[in-house]
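K.L.:
One structure coming up, written as structure tokens, with questions to follow.
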Amino acid sequence: MADRIVGNGARARTPWHVWVVGVIGLLWNGGGGAANYLEVKQASPEFFAQQAEMLGTTPEVVSDYFANYPLWADIAYGFGVWGAVAGSVLLLLRSRFAGLAFALSAIGFVFGVVYQLVAPLEGLSAGVFFWGFNAVIFSTIIGQWLYARWMAKAGVLT
């Protein structure tokens, strides 16, 4: 464990779980969300084909859906993904701004889900998979946000 100097000059020890949560968060947010985001932005035909097969539609429908995202939804998507990645990195750097990054990620994620509800992918409805998948993602973001707040209050994040 490394020591950190907190506001009153005392040292707060960095618990081992900060590293575990930070690394797992970075793998989850970077390997999942960020990787998918980059595939969408690169308009990867392989990714669109994979998503189409999973969703029971065509690659063209998936490609058109992402190509026609309105600016506000695209920005929300970016905040949702990159806020979580930044939060994980900031947690590993033991920065108090990790909580803010996770909060921005949660807000971006919620707006992204709103768009998916208002303008769903052609032929799909918000069923059990939609709600379950998004509940897992949202719970993870909120959990990381709460954890970062806890570590900041404990003087570990400065």
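Following the order of the structure tokens, first chain is A, next is B, and so on, with residues numbered from 1 inside each chain and ligands from 1 in the order they appear.
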Please extract the residues of chain A with a backbone DSSP assignment of helix (DSSP H, G or I) and present them as a PyMOL selection string.

P.N.:
chain A and resi 16-41+45-55+59-67+71-92+98-118+128-153

K.L.:
Got a sec: who's within 8 Å of Trp19 of chain A, counting only C-alpha atoms, leaving out chain neighbours fewer than 4 positions off, as a list in words?

P.N.:
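Near Trp19 of chain A, the qualifying residues are Pro15, Val23 and Leu92 of chain A.
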
K.L.:
Using only C-alpha atoms, which residues sit within 12 Å of Leu124 of chain A once same-chain residues fewer than 4 positions away are excluded, as an NGL selection string?

P.N.:
:A and (52 or 54-58 or 61-62 or 65 or 116-120 or 128-130)

K.L.:
May I ask for the distance between atom CA of Ala101 of chain A and atom CA of Ala84 of chain A, given in Å to one decimal place?

P.N.:
6.4 Å

K.L.:
Check chain A with DSSP on the backbone and list each residue it calls strand (DSSP E), as a PyMOL selection string.

P.N.:
chain A and resi 3-5+11-13

K.L.:
Which residue gives the smallest distance to Val18 of chain A among A:Ala98, A:Val110, A:Ala49, A:Ala73, with only C-alpha atoms counted?

P.N.:
A:Ala98
